[in-house]
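Encoded as structure tokens, the structure appears first; notes follow it.
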Amino acid sequence: MLLFIASCSSPYKHLQQAPATANSAFVFKPAFDKVLYRGTVDGGYLFKKFHLSGLLFFKTLENGTVRAIYQNEMGFTFFDFEWDSNDSFKVNQVMARLDKPAVIKTLRKDIELLLMKGLKKDSEIAFTDRGKLLFRRLDISGGYAYYVEDSGRLVRIENAGKRSKVVTMTIGGKDQPSDMPKQVLIDHHKANFTIQLTKLDSYADE
């Protein structure tokens, strides 16, 4: 019984609410025209234990639409997702093996957490981890998003429900608050798979 109670307790129960500040998690919202990552997807029951490797391209169009296109080195498209200027989501293309509601929902949420889309801005509350880390919590559909700061730098993004942590996204190389990070490691605790992204300095225009 004690083990059951411990397993159901929130991983954030130790946090203490911080005083309100003028700053917001949205200072970390990425602003970009074109960004290219080398990306890998490994493991997990959603992906039937297989490995994907390719290039993930983010592009902001003149009308505010954002595209996220993941292809292999030969140009085969794994998925092509789109968000309009109002953050409405659309699937332009997806390979048959990934064309499952649970997979699309998971990939969509990962990208939205990284790009800070679908967050309820008025819900933001700040917490401290014994004064070292600052956790900025925002409501999202089905749970919470935590943007974790260390000395003013974004180091993690976490997605959690009321009882357990679902995703930990480790952020590296975000030199300026609005930069896209140079490294991203996404660990899905329940679905048991990882996504690793490494930013490339050069990219193709097409």
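Chain labels run A, B, ... following the order of the structure tokens; each chain numbers its residues from 1, and ligands are numbered from 1 in the order shown.
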Under the rule of at most 10 Å, produce a per-residue listing of stretch 14-95 of chain A near stretch 147-163 of chain A: chain, number, name, the closest pair of atoms, and the distance in Å, as JSON lines, using only C-alpha atoms.
```
{"residue": "A:Ser24", "atom": "CA", "partner": "A:Tyr147", "partner_atom": "CA", "distance": 9.9}
{"residue": "A:Ala25", "atom": "CA", "partner": "A:Tyr147", "partner_atom": "CA", "distance": 6.6}
{"residue": "A:Phe26", "atom": "CA", "partner": "A:Tyr147", "partner_atom": "CA", "distance": 9.4}
{"residue": "A:Val27", "atom": "CA", "partner": "A:Leu154", "partner_atom": "CA", "distance": 9.8}
{"residue": "A:Phe28", "atom": "CA", "partner": "A:Leu154", "partner_atom": "CA", "distance": 7.3}
```
Take the selection from the previous step and output its residues with N, CA and C atoms, as a PDB file, in the first residue's frame.
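Saved the output as again.pdb:
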```pdb
ATOM      1  N   SER A  24       8.224  35.965 -17.799  1.00  0.00           N
ATOM      2  CA  SER A  24       7.313  34.897 -18.168  1.00  0.00           C
ATOM      3  C   SER A  24       8.081  33.825 -18.917  1.00  0.00           C
ATOM      4  N   ALA A  25       7.545  32.611 -18.918  1.00  0.00           N
ATOM      5  CA  ALA A  25       8.144  31.531 -19.700  1.00  0.00           C
ATOM      6  C   ALA A  25       8.217  31.884 -21.182  1.00  0.00           C
ATOM      7  N   PHE A  26       7.340  32.785 -21.623  1.00  0.00           N
ATOM      8  CA  PHE A  26       7.270  33.080 -23.053  1.00  0.00           C
ATOM      9  C   PHE A  26       8.471  33.873 -23.563  1.00  0.00           C
ATOM     10  N   VAL A  27       9.361  34.289 -22.665  1.00  0.00           N
ATOM     11  CA  VAL A  27      10.619  34.879 -23.122  1.00  0.00           C
ATOM     12  C   VAL A  27      11.435  33.830 -23.878  1.00  0.00           C
ATOM     13  N   PHE A  28      11.159  32.542 -23.633  1.00  0.00           N
ATOM     14  CA  PHE A  28      11.877  31.453 -24.296  1.00  0.00           C
ATOM     15  C   PHE A  28      11.202  30.975 -25.581  1.00  0.00           C
TER      16      PHE A  28
END
```
Within 12 Å of A:Ala96, counting only C-alpha atoms, which residues show up once you throw out same-chain ones fewer than 5 positions away? Write them as a tab-separated table (two decimals) with N, CA and C atoms, in the first residue's frame, please.
```tsv
chain	number	residue	atom	x	y	z
A	47	PHE	N	6.22	3.09	-31.59
A	47	PHE	CA	6.98	2.98	-32.83
A	47	PHE	C	7.41	1.55	-33.13
A	77	THR	N	9.57	11.58	-47.02
A	77	THR	CA	8.95	12.32	-45.91
A	77	THR	C	8.31	11.37	-44.91
A	78	PHE	N	8.78	11.48	-43.66
A	78	PHE	CA	8.16	10.75	-42.56
A	78	PHE	C	6.89	11.47	-42.12
A	79	PHE	N	7.00	12.79	-41.94
A	79	PHE	CA	5.80	13.58	-41.65
A	79	PHE	C	6.02	15.03	-42.05
A	101	PRO	N	-3.45	7.79	-34.75
A	101	PRO	CA	-3.81	8.93	-33.90
A	101	PRO	C	-2.88	9.13	-32.71
A	103	VAL	N	0.28	8.23	-32.31
A	103	VAL	CA	1.61	8.66	-32.74
A	103	VAL	C	1.59	10.13	-33.15
A	104	ILE	N	0.61	10.50	-33.96
A	104	ILE	CA	0.52	11.90	-34.41
A	104	ILE	C	0.30	12.83	-33.21
```
**Item:** Which of stretch 5-204 of chain A DSSP labels strand (DSSP E), written as JSON, numbers by chain
**Value:** {"A": [16, 17, 34, 35, 36, 37, 38, 39, 40, 41, 42, 51, 52, 53, 54, 55, 56, 57, 58, 59, 60, 66, 67, 68, 69, 70, 71, 77, 78, 79, 80, 81, 82, 83, 89, 90, 91, 92, 93, 94, 120, 121, 122, 123, 124, 125, 126, 127, 128, 129, 133, 134, 135, 136, 137, 138, 139, 140, 143, 144, 145, 146, 147, 148, 149, 150, 153, 154, 155, 156, 157, 158, 159, 160, 165, 166, 167, 168, 169, 170, 171, 172, 183, 184, 185, 186, 187, 188, 193, 194, 195, 196, 197, 198, 199, 200]}
Store the residues picked out above, limited to C-alpha atoms, as a compact mmCIF listing (two decimals), in the first residue's frame.
```txt
# COMPACT_ATOMS: atom_id res chain seq x y z
CA GLN A 16 7.24 25.89 -3.49
CA GLN A 17 5.28 28.64 -5.20
CA LYS A 34 14.58 28.30 -40.99
CA VAL A 35 16.15 25.74 -38.67
CA LEU A 36 17.47 22.27 -39.52
CA TYR A 37 18.14 19.39 -37.12
CA ARG A 38 19.54 15.92 -37.52
CA GLY A 39 17.03 13.76 -35.68
CA THR A 40 16.67 10.18 -34.50
CA VAL A 41 13.71 8.33 -33.01
CA ASP A 42 14.36 5.13 -31.09
CA HIS A 51 14.63 3.37 -35.53
CA LEU A 52 14.12 6.49 -37.63
CA SER A 53 16.92 8.79 -38.69
CA GLY A 54 16.75 11.90 -40.85
CA LEU A 55 16.50 15.67 -41.03
CA LEU A 56 13.85 17.73 -39.23
CA PHE A 57 13.25 21.10 -40.87
CA PHE A 58 11.37 23.95 -39.19
CA LYS A 59 10.28 26.92 -41.30
CA THR A 60 8.20 30.03 -40.57
CA VAL A 66 5.03 27.12 -39.16
CA ARG A 67 5.98 23.88 -40.91
CA ALA A 68 7.79 20.91 -39.36
CA ILE A 69 9.00 18.43 -41.99
CA TYR A 70 10.90 15.25 -41.11
CA GLN A 71 12.60 13.42 -44.00
CA THR A 77 8.95 12.32 -45.91
CA PHE A 78 8.16 10.75 -42.56
CA PHE A 79 5.80 13.58 -41.65
CA ASP A 80 4.90 17.12 -42.64
CA PHE A 81 3.01 19.07 -39.94
CA GLU A 82 1.71 22.63 -40.07
CA TRP A 83 0.45 25.25 -37.61
CA PHE A 89 -2.78 22.13 -36.45
CA LYS A 90 -2.83 20.31 -39.79
CA VAL A 91 -1.21 17.11 -41.09
CA ASN A 92 -0.03 17.67 -44.65
CA GLN A 93 1.63 14.27 -45.01
CA VAL A 94 2.58 11.28 -42.85
CA LYS A 120 -2.77 28.63 -21.81
CA LYS A 121 -0.93 31.89 -21.14
CA ASP A 122 -3.16 33.08 -18.30
CA SER A 123 -2.46 29.90 -16.31
CA GLU A 124 1.26 30.51 -15.69
CA ILE A 125 2.49 29.94 -12.13
CA ALA A 126 6.14 29.93 -10.98
CA PHE A 127 7.62 27.49 -8.47
CA THR A 128 11.08 27.07 -7.00
CA ASP A 129 13.08 23.95 -6.29
CA LEU A 133 15.67 25.97 -10.20
CA LEU A 134 12.63 27.92 -11.35
CA PHE A 135 9.68 25.92 -12.72
CA ARG A 136 7.19 27.91 -14.79
CA ARG A 137 4.01 25.85 -15.10
CA LEU A 138 1.35 26.36 -17.76
CA ASP A 139 -1.83 24.42 -18.42
CA ILE A 140 -2.06 22.40 -21.61
CA GLY A 143 -1.97 18.22 -18.05
CA TYR A 144 0.80 20.72 -17.47
CA ALA A 145 3.93 22.01 -19.18
CA TYR A 146 6.87 23.02 -16.99
CA TYR A 147 9.61 25.28 -18.39
CA VAL A 148 12.57 24.83 -16.09
CA GLU A 149 15.17 27.59 -15.68
CA ASP A 150 18.61 27.48 -14.13
CA ARG A 153 18.60 29.71 -18.91
CA LEU A 154 16.02 27.21 -20.13
CA VAL A 155 17.41 23.75 -19.34
CA ARG A 156 14.35 21.48 -19.48
CA ILE A 157 10.77 21.26 -20.63
CA GLU A 158 8.59 18.74 -18.83
CA ASN A 159 5.09 17.47 -19.48
CA ALA A 160 3.17 15.94 -16.60
CA LYS A 165 5.80 12.91 -15.42
CA VAL A 166 5.16 11.98 -19.06
CA VAL A 167 7.97 13.67 -20.99
CA THR A 168 11.31 15.20 -20.09
CA MET A 169 12.87 17.39 -22.78
CA THR A 170 16.51 18.30 -22.03
CA ILE A 171 17.58 21.54 -23.70
CA GLY A 172 21.16 22.52 -24.58
CA GLN A 183 20.54 20.05 -28.74
CA VAL A 184 17.25 18.51 -27.65
CA LEU A 185 16.73 15.11 -26.02
CA ILE A 186 13.10 14.07 -25.58
CA ASP A 187 12.50 11.14 -23.22
CA HIS A 188 9.01 9.65 -23.18
CA PHE A 193 11.03 6.03 -26.62
CA THR A 194 13.43 8.90 -27.22
CA ILE A 195 13.88 11.62 -29.83
CA GLN A 196 17.28 13.25 -30.18
CA LEU A 197 17.82 16.45 -32.18
CA THR A 198 21.11 18.13 -33.07
CA LYS A 199 21.00 21.50 -34.78
CA LEU A 200 22.91 21.85 -38.05
```
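Using only C-alpha atoms, the shortest contact distance between A:Ser164 and any of A:Met180, A:Met95, A:Gly118, A:Lys190 is found at A:Lys190.
Here atom CA of A:Ser178 stands at a distance of 23.9 Å from atom CA of A:Thr106.
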**Request:** as number ranges by chain, list the residues of stretch 21-153 of chain A assigned to helix (DSSP H, G or I) by DSSP on the backbone atoms of this structure.
**Result:** A: 25-28, 45-47, 96-98, 101-115
**Complete:** As a check of understanding: the span from atom CA of A:Gly173 to atom CA of A:Phe32 is 15.3 Å
**Item:** Selected residue of minimal separation from A:Glu112 among A:Asp87, A:Asn23, A:Ser10, A:Ala18, counting only C-alpha atoms
**Value:** A:Asp87
